[in-house]
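File shown: coords.txt (compact mmCIF, C-alpha atoms).
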```
# COMPACT_ATOMS: atom_id res chain seq x y z
CA MET A 7 90.27 17.54 92.79
CA VAL A 8 91.43 20.27 95.16
CA ASP A 9 89.79 23.71 95.12
CA ILE A 10 92.91 25.88 95.57
CA LEU A 11 96.54 25.07 94.84
CA VAL A 12 99.13 27.37 96.44
CA LEU A 13 102.48 27.53 94.63
CA GLY A 14 105.34 29.01 96.64
CA ALA A 15 103.83 28.18 100.02
CA THR A 16 107.20 27.74 101.75
CA GLY A 17 108.27 31.34 100.98
CA PHE A 18 107.51 34.11 103.45
CA THR A 19 104.42 35.49 101.71
CA GLY A 20 103.33 31.95 100.81
CA ARG A 21 103.37 31.03 104.51
CA LEU A 22 101.14 34.01 105.31
CA ILE A 23 98.70 33.02 102.55
CA THR A 24 98.64 29.42 103.77
CA ARG A 25 97.95 30.52 107.35
CA TYR A 26 95.25 32.92 106.15
CA LEU A 27 93.44 30.26 104.12
CA TYR A 28 93.63 27.67 106.92
CA ASN A 29 92.04 30.06 109.43
CA HIS A 30 89.49 31.55 107.05
CA PRO A 31 85.85 31.80 108.24
CA GLN A 32 84.75 29.91 105.11
CA ARG A 33 87.33 27.16 105.60
CA ALA A 34 84.66 24.44 105.57
CA GLU A 35 83.62 25.50 102.05
CA PHE A 36 86.88 24.81 100.23
CA THR A 37 89.89 22.51 100.13
CA PHE A 38 93.44 23.55 99.39
CA ALA A 39 96.83 22.02 98.73
CA LEU A 40 100.40 23.26 98.85
CA GLY A 41 102.65 22.77 95.85
CA VAL A 42 106.18 22.20 97.17
CA ARG A 43 109.49 21.08 95.68
CA SER A 44 110.48 19.33 98.90
CA THR A 45 107.96 17.28 100.87
CA ALA A 46 110.23 17.61 103.91
CA LYS A 47 109.91 21.40 103.74
CA GLY A 48 106.19 21.05 103.17
CA GLU A 49 105.77 18.87 106.25
CA ALA A 50 107.88 21.30 108.27
CA LEU A 51 105.64 24.15 107.10
CA LYS A 52 102.49 22.26 108.08
CA LYS A 53 103.93 21.51 111.50
CA SER A 54 105.05 25.10 112.12
CA LEU A 55 101.60 26.45 111.21
CA GLY A 56 99.64 23.70 112.96
CA LEU A 57 97.95 22.47 109.77
CA ASP A 58 96.04 19.20 109.84
CA ASP A 59 95.92 16.55 107.15
CA SER A 60 93.07 18.30 105.33
CA VAL A 61 95.84 20.41 103.76
CA GLN A 62 97.46 18.26 101.09
CA LEU A 63 101.03 18.42 99.80
CA VAL A 64 101.68 18.18 96.06
CA GLN A 65 105.32 17.65 95.15
CA LEU A 66 106.24 19.58 92.03
CA ASP A 67 108.91 21.78 90.52
CA VAL A 68 107.66 24.74 88.47
CA THR A 69 110.57 24.14 86.09
CA ASN A 70 109.17 20.68 85.29
CA TYR A 71 106.19 21.38 83.05
CA ASP A 72 104.76 17.86 83.16
CA GLN A 73 104.62 17.92 86.98
CA LEU A 74 103.20 21.43 86.93
CA GLU A 75 100.51 20.66 84.38
CA ALA A 76 99.37 17.56 86.26
CA ALA A 77 99.02 19.57 89.48
CA VAL A 78 97.15 22.41 87.76
CA GLN A 79 94.74 19.97 86.10
CA ASP A 80 93.79 18.74 89.57
CA ALA A 81 92.91 22.21 90.92
CA LYS A 82 90.20 24.78 90.29
CA VAL A 83 92.11 27.93 91.31
CA VAL A 84 95.88 28.45 91.40
CA ILE A 85 97.58 30.98 93.68
CA ASN A 86 101.08 31.54 92.34
CA VAL A 87 103.63 33.34 94.53
CA VAL A 88 106.75 31.90 92.91
CA GLY A 89 108.73 34.84 91.59
CA PRO A 90 110.29 36.62 89.87
CA TYR A 91 107.44 35.90 87.48
CA TRP A 92 109.42 36.69 84.35
CA VAL A 93 111.61 33.70 85.23
CA TRP A 94 109.15 31.25 86.78
CA GLY A 95 105.62 32.38 85.95
CA SER A 96 104.89 31.73 82.27
CA ASP A 97 104.49 27.95 82.42
CA VAL A 98 102.06 28.22 85.32
CA VAL A 99 99.89 30.61 83.30
CA LYS A 100 100.22 28.37 80.23
CA ALA A 101 98.90 25.34 82.13
CA CYS A 102 96.01 27.33 83.62
CA ALA A 103 95.06 28.86 80.27
CA LEU A 104 95.25 25.51 78.49
CA HIS A 105 92.99 23.75 81.00
CA GLY A 106 90.51 26.57 81.68
CA LYS A 107 91.58 27.21 85.27
CA ARG A 108 91.45 30.34 87.42
CA TYR A 109 94.72 31.93 88.42
CA VAL A 110 95.95 34.78 90.65
CA ASP A 111 99.44 36.10 91.38
CA LEU A 112 101.34 39.05 92.88
CA ALA A 113 103.18 40.14 89.73
CA GLY A 114 104.40 43.73 89.82
CA GLU A 115 106.16 43.11 86.50
CA PRO A 116 104.45 44.76 83.49
CA HIS A 117 106.89 42.98 81.16
CA PHE A 118 105.71 39.61 82.51
CA ILE A 119 102.05 40.59 82.18
CA ARG A 120 102.66 41.79 78.61
CA LYS A 121 104.29 38.42 77.83
CA ILE A 122 101.37 36.35 79.11
CA ILE A 123 98.86 38.62 77.35
CA ASP A 124 100.68 38.09 74.06
CA SER A 125 101.07 34.34 74.62
CA TYR A 126 97.94 33.19 76.46
CA ASP A 127 95.16 35.79 76.49
CA TYR A 128 93.51 34.43 73.33
CA LEU A 129 93.86 30.83 74.53
CA ALA A 130 92.29 31.75 77.87
CA THR A 131 89.25 33.28 76.15
CA LYS A 132 88.75 30.01 74.28
CA THR A 133 89.04 27.76 77.34
CA GLY A 134 87.30 30.16 79.75
CA ALA A 135 90.38 30.50 81.96
CA ILE A 136 90.44 33.59 84.16
CA ILE A 137 94.02 34.82 84.63
CA VAL A 138 94.40 37.68 87.12
CA PRO A 139 97.90 39.05 87.77
CA SER A 140 98.68 41.72 90.36
CA CYS A 141 96.31 40.73 93.17
CA GLY A 142 98.27 42.24 96.07
CA MET A 143 99.62 45.66 96.91
CA ASP A 144 100.38 45.63 93.19
CA SER A 145 97.66 46.53 92.10
CA ILE A 146 94.46 46.09 94.15
CA PRO A 147 94.50 49.55 95.80
CA ALA A 148 95.02 51.37 92.52
CA ASP A 149 92.64 49.31 90.40
CA ILE A 150 89.81 49.09 92.92
CA THR A 151 89.80 52.72 94.10
CA VAL A 152 89.50 53.88 90.47
CA PHE A 153 86.75 51.30 89.97
CA LEU A 154 84.88 52.74 92.98
CA SER A 155 85.35 56.35 91.87
CA ASN A 156 83.94 55.50 88.45
CA ARG A 157 80.94 53.81 90.04
CA THR A 158 80.30 56.77 92.34
CA LEU A 159 80.36 59.25 89.45
CA LYS A 160 78.16 57.06 87.25
CA ARG A 161 75.58 56.53 89.99
CA ALA A 162 75.38 60.23 90.71
CA LEU A 163 75.61 61.63 87.18
CA GLY A 164 74.46 58.82 84.92
CA PRO A 165 76.05 55.92 83.03
CA GLU A 166 77.16 58.14 80.12
CA THR A 167 79.51 60.10 82.37
CA GLU A 168 83.11 60.05 81.14
CA LEU A 169 86.16 60.27 83.38
CA GLY A 170 89.05 62.67 83.03
CA LEU A 171 92.14 62.82 85.23
CA SER A 172 92.35 60.15 87.94
CA GLN A 173 95.08 60.28 90.59
CA THR A 174 95.84 58.03 93.56
CA PHE A 175 97.92 59.16 96.54
CA TYR A 176 99.43 56.61 98.92
CA ALA A 177 100.33 56.89 102.59
CA VAL A 178 102.08 53.66 103.62
CA ARG A 179 104.19 52.12 106.33
CA THR A 180 105.94 49.03 105.01
CA LYS A 181 109.31 47.44 104.39
CA PRO A 182 110.23 45.97 101.00
CA SER A 183 110.38 42.18 101.02
CA GLY A 184 113.23 40.10 99.68
CA GLY A 185 110.95 38.93 96.87
CA THR A 186 110.10 42.52 95.87
CA LEU A 187 113.76 43.48 95.70
CA ALA A 188 114.53 40.31 93.75
CA THR A 189 111.89 41.38 91.22
CA VAL A 190 113.52 44.81 90.82
CA ILE A 191 116.93 43.22 90.30
CA ASN A 192 115.56 40.66 87.86
CA SER A 193 113.91 43.37 85.76
CA ILE A 194 117.43 44.74 85.27
CA GLU A 195 119.47 41.56 85.07
CA GLY A 196 117.09 38.83 83.90
CA ALA A 197 114.56 40.38 81.52
CA PRO A 198 115.55 41.85 78.14
CA ARG A 199 115.73 45.61 78.56
CA VAL A 200 113.71 46.24 75.43
CA ARG A 201 110.84 44.11 76.79
CA VAL A 202 110.89 46.00 80.09
CA GLN A 203 110.90 49.36 78.29
CA GLU A 204 108.07 48.35 75.94
CA ALA A 205 105.92 47.16 78.84
CA HIS A 206 106.35 50.49 80.64
CA MET A 207 105.06 52.51 77.70
CA ASP A 208 101.65 54.15 77.96
CA TYR A 209 98.82 51.61 77.51
CA ALA A 210 101.28 48.77 76.83
CA LEU A 211 98.90 46.28 78.51
CA SER A 212 95.67 47.78 77.16
CA PRO A 213 93.84 46.61 74.03
CA VAL A 214 92.75 50.23 73.53
CA HIS A 215 95.13 53.18 73.45
CA GLY A 216 93.71 55.99 75.57
CA HIS A 217 94.50 59.58 76.41
CA PRO A 218 98.20 60.21 77.20
CA SER A 219 99.09 59.93 80.88
CA PRO A 220 100.05 63.06 82.83
CA PRO A 221 103.73 63.92 82.29
CA PRO A 222 106.19 63.30 85.14
CA THR A 223 106.28 66.05 87.73
CA LEU A 224 108.62 66.90 90.58
CA ALA A 225 105.71 67.07 93.02
CA ALA A 226 101.97 66.61 92.48
CA ARG A 227 99.53 68.49 94.69
CA VAL A 228 96.80 66.49 96.38
CA PRO A 229 93.42 67.84 95.17
CA PHE A 230 91.45 69.84 97.75
CA SER A 231 94.26 69.64 100.32
CA ALA A 232 94.52 72.60 102.69
CA PRO A 233 97.20 73.23 103.68
CA ALA A 234 98.63 71.88 100.46
CA LYS A 235 100.04 68.36 100.43
CA TYR A 236 102.24 66.90 97.71
CA GLY A 237 103.02 63.46 96.38
CA VAL A 238 105.95 62.14 94.39
CA SER A 239 106.26 59.51 91.69
CA TRP A 240 107.22 56.18 93.20
CA VAL A 241 108.59 52.78 92.31
CA MET A 242 105.22 51.00 92.12
CA GLY A 243 103.55 53.68 90.03
CA ALA A 244 104.39 52.30 86.58
CA ALA A 245 103.13 48.78 87.35
CA ASN A 246 99.92 50.05 88.92
CA ARG A 247 99.27 52.47 86.07
CA ALA A 248 99.65 49.63 83.57
CA VAL A 249 97.02 47.52 85.36
CA VAL A 250 94.58 50.43 85.69
CA GLN A 251 95.04 51.16 81.98
CA ARG A 252 94.32 47.53 81.14
CA THR A 253 91.07 47.76 83.11
CA PHE A 254 90.22 50.87 81.08
CA GLY A 255 91.06 49.12 77.83
CA LEU A 256 89.25 45.84 78.52
CA ASN A 257 86.04 47.67 79.41
CA GLU A 258 86.25 50.03 76.43
CA PHE A 259 86.97 47.13 74.07
CA ALA A 260 84.09 45.01 75.37
CA TYR A 261 81.68 47.93 75.06
CA GLY A 262 82.90 49.13 71.66
CA TYR A 263 82.94 45.67 70.07
CA ALA A 264 79.80 44.30 71.70
CA ARG A 265 78.22 43.37 68.36
CA THR A 266 81.30 41.33 67.39
CA LEU A 267 81.74 39.72 70.80
CA TYR A 268 78.12 38.98 71.68
CA GLY A 269 76.24 39.08 68.37
CA ALA A 270 73.82 41.68 67.02
CA ALA A 271 70.81 40.38 68.96
CA ALA A 272 72.51 40.59 72.35
CA ALA A 273 74.70 43.63 71.72
CA GLU A 274 72.31 46.29 73.02
CA LYS A 275 71.65 44.47 76.29
CA GLN A 276 75.35 43.78 76.81
CA GLN A 277 76.27 47.41 76.14
CA ALA A 278 73.76 48.53 78.74
CA ARG A 279 75.51 46.28 81.26
CA LEU A 280 78.99 47.34 80.22
CA ARG A 281 78.47 51.11 79.88
CA PRO A 282 78.66 51.80 83.65
CA LEU A 283 82.05 50.05 83.75
CA THR A 284 83.71 52.16 81.04
CA TYR A 285 85.94 55.11 81.91
CA GLY A 286 85.71 56.96 78.59
CA PRO A 287 88.31 58.06 75.99
CA ARG A 288 89.57 61.06 77.99
CA PHE A 289 90.49 59.02 81.07
CA ARG A 290 94.11 59.28 82.19
CA TYR A 291 95.80 58.01 85.32
CA ALA A 292 98.77 58.77 87.58
CA GLU A 293 99.71 57.96 91.16
CA TYR A 294 102.02 59.26 93.84
CA LEU A 295 103.46 58.51 97.27
CA LEU A 296 102.98 60.95 100.14
CA PRO A 297 106.41 61.18 101.82
CA GLY A 298 106.96 62.38 105.40
CA ASP A 299 104.80 65.39 106.14
CA ALA A 300 103.76 65.56 102.45
CA SER A 301 105.14 69.07 102.09
CA TYR A 302 106.52 70.27 98.75
CA LEU A 303 110.07 70.10 100.10
CA SER A 304 109.58 66.55 101.40
CA ALA A 305 108.25 65.42 98.03
CA VAL A 306 111.17 66.94 96.12
CA VAL A 307 113.81 65.58 98.49
CA TYR A 308 112.23 62.12 98.54
CA GLY A 309 111.97 62.05 94.75
CA VAL A 310 115.65 62.93 94.31
CA CYS A 311 116.74 60.35 96.89
CA MET A 312 114.56 57.64 95.35
CA ALA A 313 115.92 58.34 91.88
CA ALA A 314 119.46 58.08 93.23
CA ALA A 315 118.67 54.83 95.06
CA LEU A 316 117.17 53.25 91.93
CA ALA A 317 120.16 54.38 89.88
CA VAL A 318 122.38 52.26 92.12
CA PHE A 319 120.67 49.13 90.83
CA TYR A 320 121.75 49.96 87.28
CA VAL A 321 125.46 50.02 88.15
CA ALA A 322 126.64 46.40 88.18
CA PRO A 323 129.33 46.66 90.90
CA LEU A 324 127.01 48.65 93.17
CA ARG A 325 124.15 46.24 92.49
CA TRP A 326 126.37 43.31 93.47
CA LEU A 327 127.21 45.10 96.72
CA VAL A 328 123.58 45.93 97.48
CA LYS A 329 122.55 42.29 96.98
CA LYS A 330 124.86 41.32 99.83
CA PHE A 331 122.86 43.39 102.32
CA ILE A 332 119.24 43.42 101.20
CA PRO A 333 116.78 40.84 102.63
CA GLN A 334 116.88 37.57 100.75
CA SER A 335 113.79 36.20 99.03
CA GLY A 336 111.75 34.35 101.66
CA GLU A 337 112.80 36.60 104.53
CA GLY A 338 110.31 38.87 106.27
CA GLN A 339 109.16 40.58 109.45
CA SER A 340 107.72 39.30 112.70
CA ASP A 341 103.96 39.37 113.28
CA GLU A 342 104.44 42.26 115.71
CA GLU A 343 106.30 44.32 113.12
CA MET A 344 103.76 43.57 110.42
CA GLU A 345 100.87 44.70 112.62
CA LYS A 346 102.44 48.19 112.79
CA GLY A 347 102.13 48.70 109.05
CA PHE A 348 99.28 50.44 107.25
CA LEU A 349 98.10 51.65 103.86
CA GLU A 350 95.79 54.46 102.87
CA ALA A 351 95.22 54.85 99.14
CA THR A 352 93.14 57.90 98.18
CA ASN A 353 91.91 58.28 94.63
CA TYR A 354 90.56 61.51 93.15
CA THR A 355 88.83 61.16 89.79
CA GLU A 356 87.32 64.07 87.89
CA THR A 357 84.71 64.12 85.15
CA ALA A 358 85.92 64.84 81.63
CA SER A 359 83.20 67.42 81.06
CA THR A 360 82.55 70.74 82.79
CA PRO A 361 81.44 71.79 85.29
CA LYS A 362 83.92 69.44 86.94
CA LYS A 363 82.80 67.01 89.57
CA TRP A 364 85.04 64.64 91.48
CA ALA A 365 84.82 61.32 93.22
CA LYS A 366 87.08 60.56 96.15
CA SER A 367 87.60 56.90 97.01
CA VAL A 368 89.74 55.68 99.87
CA MET A 369 91.10 52.28 100.83
CA HIS A 370 92.00 52.20 104.54
CA ALA A 371 93.99 49.13 105.58
CA GLN A 372 95.75 48.08 108.79
CA GLY A 373 98.80 45.83 108.61
CA ASP A 374 101.95 45.74 106.52
CA PRO A 375 100.82 46.24 102.89
CA GLY A 376 103.52 44.07 101.35
CA TYR A 377 102.95 41.13 103.70
CA LEU A 378 99.78 40.84 105.80
CA LEU A 379 97.53 42.86 103.52
CA THR A 380 98.91 41.31 100.35
CA ALA A 381 98.29 37.81 101.77
CA SER A 382 94.67 38.64 102.52
CA MET A 383 94.15 40.39 99.16
CA ILE A 384 95.37 37.53 96.97
CA ALA A 385 93.63 34.90 99.12
CA GLU A 386 90.30 36.73 98.90
CA CYS A 387 90.71 37.12 95.14
CA ALA A 388 91.20 33.36 94.85
CA LEU A 389 88.21 32.66 97.07
CA GLY A 390 86.10 35.10 95.10
CA LEU A 391 86.90 33.28 91.86
CA LEU A 392 86.13 29.96 93.55
CA LEU A 393 83.03 30.69 95.63
CA ASP A 394 81.38 33.78 94.12
CA ASP A 395 81.13 32.87 90.45
CA ALA A 396 77.56 34.13 90.10
CA ASP A 397 78.57 37.59 91.30
CA LEU A 398 81.60 38.10 89.06
CA PRO A 399 81.35 41.07 86.66
CA GLU A 400 80.30 40.75 83.04
CA THR A 401 83.88 41.26 81.90
CA ALA A 402 84.97 38.05 83.64
CA ARG A 403 82.57 35.84 81.70
CA GLY A 404 84.69 35.55 78.59
CA GLY A 405 87.91 34.67 80.39
CA GLY A 406 91.34 35.98 79.39
CA VAL A 407 94.16 37.81 81.10
CA LEU A 408 92.18 40.25 83.24
CA THR A 409 92.66 42.65 86.16
CA PRO A 410 91.28 42.68 89.71
CA ALA A 411 88.57 45.15 88.71
CA THR A 412 87.50 43.35 85.51
CA ALA A 413 87.70 39.84 86.98
CA LEU A 414 86.24 40.51 90.44
CA GLY A 415 84.96 44.08 90.87
CA ASP A 416 82.52 44.33 93.78
CA VAL A 417 83.28 40.75 94.82
CA VAL A 418 86.77 41.66 96.03
CA VAL A 419 85.51 44.88 97.66
CA ARG A 420 82.98 42.97 99.77
CA ARG A 421 85.43 40.23 100.62
CA LEU A 422 88.19 42.57 101.72
CA GLU A 423 85.84 44.57 103.91
CA LYS A 424 84.83 41.36 105.70
CA THR A 425 88.46 40.73 106.70
CA GLY A 426 88.23 43.47 109.34
CA ARG A 427 91.55 44.93 108.18
CA ILE A 428 90.35 46.84 105.12
CA ARG A 429 87.67 49.45 104.64
CA PHE A 430 86.58 51.32 101.51
CA GLU A 431 84.69 54.56 101.16
CA SER A 432 83.69 56.58 98.12
CA GLU A 433 82.02 59.96 97.88
CA LEU A 434 81.09 62.63 95.36
CA ILE A 435 82.92 65.93 95.76
CA GLU A 436 81.89 69.24 94.27
CA ALA A 437 84.17 72.26 94.39
CA ALA A 438 82.12 75.28 95.38
CA GLU A 439 83.97 78.52 96.08
CA GLY A 440 87.02 76.57 97.18
CA GLU A 441 85.15 74.35 99.58
CA GLU A 442 84.41 70.62 99.41
CA GLU A 443 80.79 69.54 99.35
CA SER A 444 80.33 65.84 99.51
CA ARG A 445 77.68 63.19 99.51
CA LYS A 446 78.51 59.69 100.76
CA GLU A 447 78.03 56.84 98.29
CA ARG A 448 78.99 53.88 100.49
```

Encoded form (structure tokens):
Amino acid sequence: MVDILVLGATGFTGRLITRYLYNHPQRAEFTFALGVRSTAKGEALKKSLGLDDSVQLVQLDVTNYDQLEAAVQDAKVVINVVGPYWVWGSDVVKACALHGKRYVDLAGEPHFIRKIIDSYDYLATKTGAIIVPSCGMDSIPADITVFLSNRTLKRALGPETELGLSQTFYAVRTKPSGGTLATVINSIEGAPRVRVQEAHMDYALSPVHGHPSPPPTLAARVPFSAPAKYGVSWVMGAANRAVVQRTFGLNEFAYGYARTLYGAAAAEKQQARLRPLTYGPRFRYAEYLLPGDASYLSAVVYGVCMAAALAVFYVAPLRWLVKKFIPQSGEGQSDEEMEKGFLEATNYTETASTPKKWAKSVMHAQGDPGYLLTASMIAECALGLLLDDADLPETARGGGVLTPATALGDVVVRRLEKTGRIRFESELIEAAEGEEESRKER
């Protein structure tokens, strides 16, 4: 049996993940194999990356369920980067859920995640399978910075503290990949529109319906910024919000139904463990991109231009024309170009009660977020599920379709910091006469 099976290894992001795993400091502690449709392409990939025979090739086609199931049965953790997931992902999740495996992917498709929740979440809880979508730029920065802000507030103010408004602001340098653009196009052409619309509704992925999200705004001011900086709603916001809301809902559900889930005798102890993870019923989340100089004018202009650009995809003749010029799935940047990228995700979360207190959590990352950083994020999630079982959070124990925060929590924080590319910080902020007063938490 192999420890990790990588599906989609011959694609651009798959190549980066394969290279990352092969050169990992813990390489001696795990085995991995590449699932490929063509052994010739698999051998060419191994040769181009300098892989030795310790990396196995497994010939399979994700459209052939029998082949897929046999390969999944022979692995402990599956990394799936074959997208769009709405088209190719469900059978992979089915096989993992059926056989109690651990699974990670890069899905930025709420409609796909909603489908696998409806179809396989219950099965996964019965087999102990841990299914974790969105383990890359979608949605590690969003999910983990909120997780850290909650922890900072609870440590400072007590486990009963409830969260109010939580906002994440992104500064990024990246280029959209061919796979990302293919996902956008597939959400318009391939998935039923009603399913896409349903999955983008508030709390569509959450087992608990929470406080309504902040309404759309032309420009959102960054808290405590002086001079004022502004962010704008962006294309990844809906997918990230859905994952953060699922984290909220899974934790609230586990805490609220502890007697049913764990039995009366164990309920009190389990609730004590789960209470620090809950966000509270008044939690609400939104996120924004900081464009250009982050001025109000920049935010408004960027928002209008982005809306116009997205509208093009909904006009069939224009979409056909755009597809002729955008990068094809599997295409990407050079190593030199990817090294120039960066990501800084800054989350501000306030308490629900007054006087207000805030936590500020930041993820600093060097490298292109959609390529280099995403490869390291999903690989470390897989390794965390494989090698750090004893340290996984309480919410991972029952299996199911989870999120990075509920499946991995501190495990992924520690692992990403060890990569040397990513650093987290979280601090408590108090507003006093217009000034920030802070105390470092980590």

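With distances restricted to all atoms listed in the file, A:Asp127 is the closest residue to Ala103 in chain A from A:Asp127, A:Glu166, A:Asp208, A:Asp144.
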
message: Need the shell around Tyr176 in chain A: protein/DNA/RNA residues with any atom at most 10 Å away, counting all atoms listed in the file. Skip same-chain ones fewer than 4 positions apart. Format as JSON, numbers by chain?
response: {"A": [147, 148, 237, 238, 240, 293, 294, 295, 296, 297, 349, 350, 351, 352, 353, 368, 369]}

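Counting all atoms listed in the file, Gly390 in chain A has the following residues at most 9 Å away, ignoring those fewer than 5 positions along the same chain: Ala385, Asp395, Asp397, Leu398, Leu414, Val417, Val418 and Arg421 of chain A.
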
- request: Counting all atoms listed in the file, figure out which residue out of A:Ile119, A:Ala177, A:Ile85, A:Leu171 gets nearest to Ala205 in chain A.
  value: A:Ile119

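Closest approach to Tyr26 in chain A among A:Trp326, A:Tyr261, A:Tyr377, A:Phe430 is made by A:Tyr377 (distances from only C-alpha atoms).
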
Distance query 12 Å from (87.7, 49.0, 108.6) using only C-alpha atoms, result as a PyMOL selection string: chain A and resi 348-350+368-373+419-420+422-431

- line: Across A:Pro116, A:Gly164, A:Pro139, A:Gly262, the smallest distance to Tyr209 in chain A, with all atoms listed in the file counted, is shown by A:Pro116

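Interatomic distance, CA of Thr412 in chain A to CA of Thr131 in chain A: 13.9 Å.
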
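Among the candidate residues A:Ser239, A:Thr401, A:Gln339, A:Thr69, the one lying nearest to Thr223 in chain A is A:Ser239, with distances computed using all atoms listed in the file.
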
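Going from CA of Ser382 in chain A to CA of Gly41 in chain A covers 19.0 Å.
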
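Among the candidates A:Leu63, A:Ala76, A:Met7, A:Met383, the one nearest to Val110 in chain A when counting all atoms listed in the file is A:Met383.
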
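Coordinates place CA of Val138 in chain A at a distance of 29.1 Å from CA of Glu49 in chain A.
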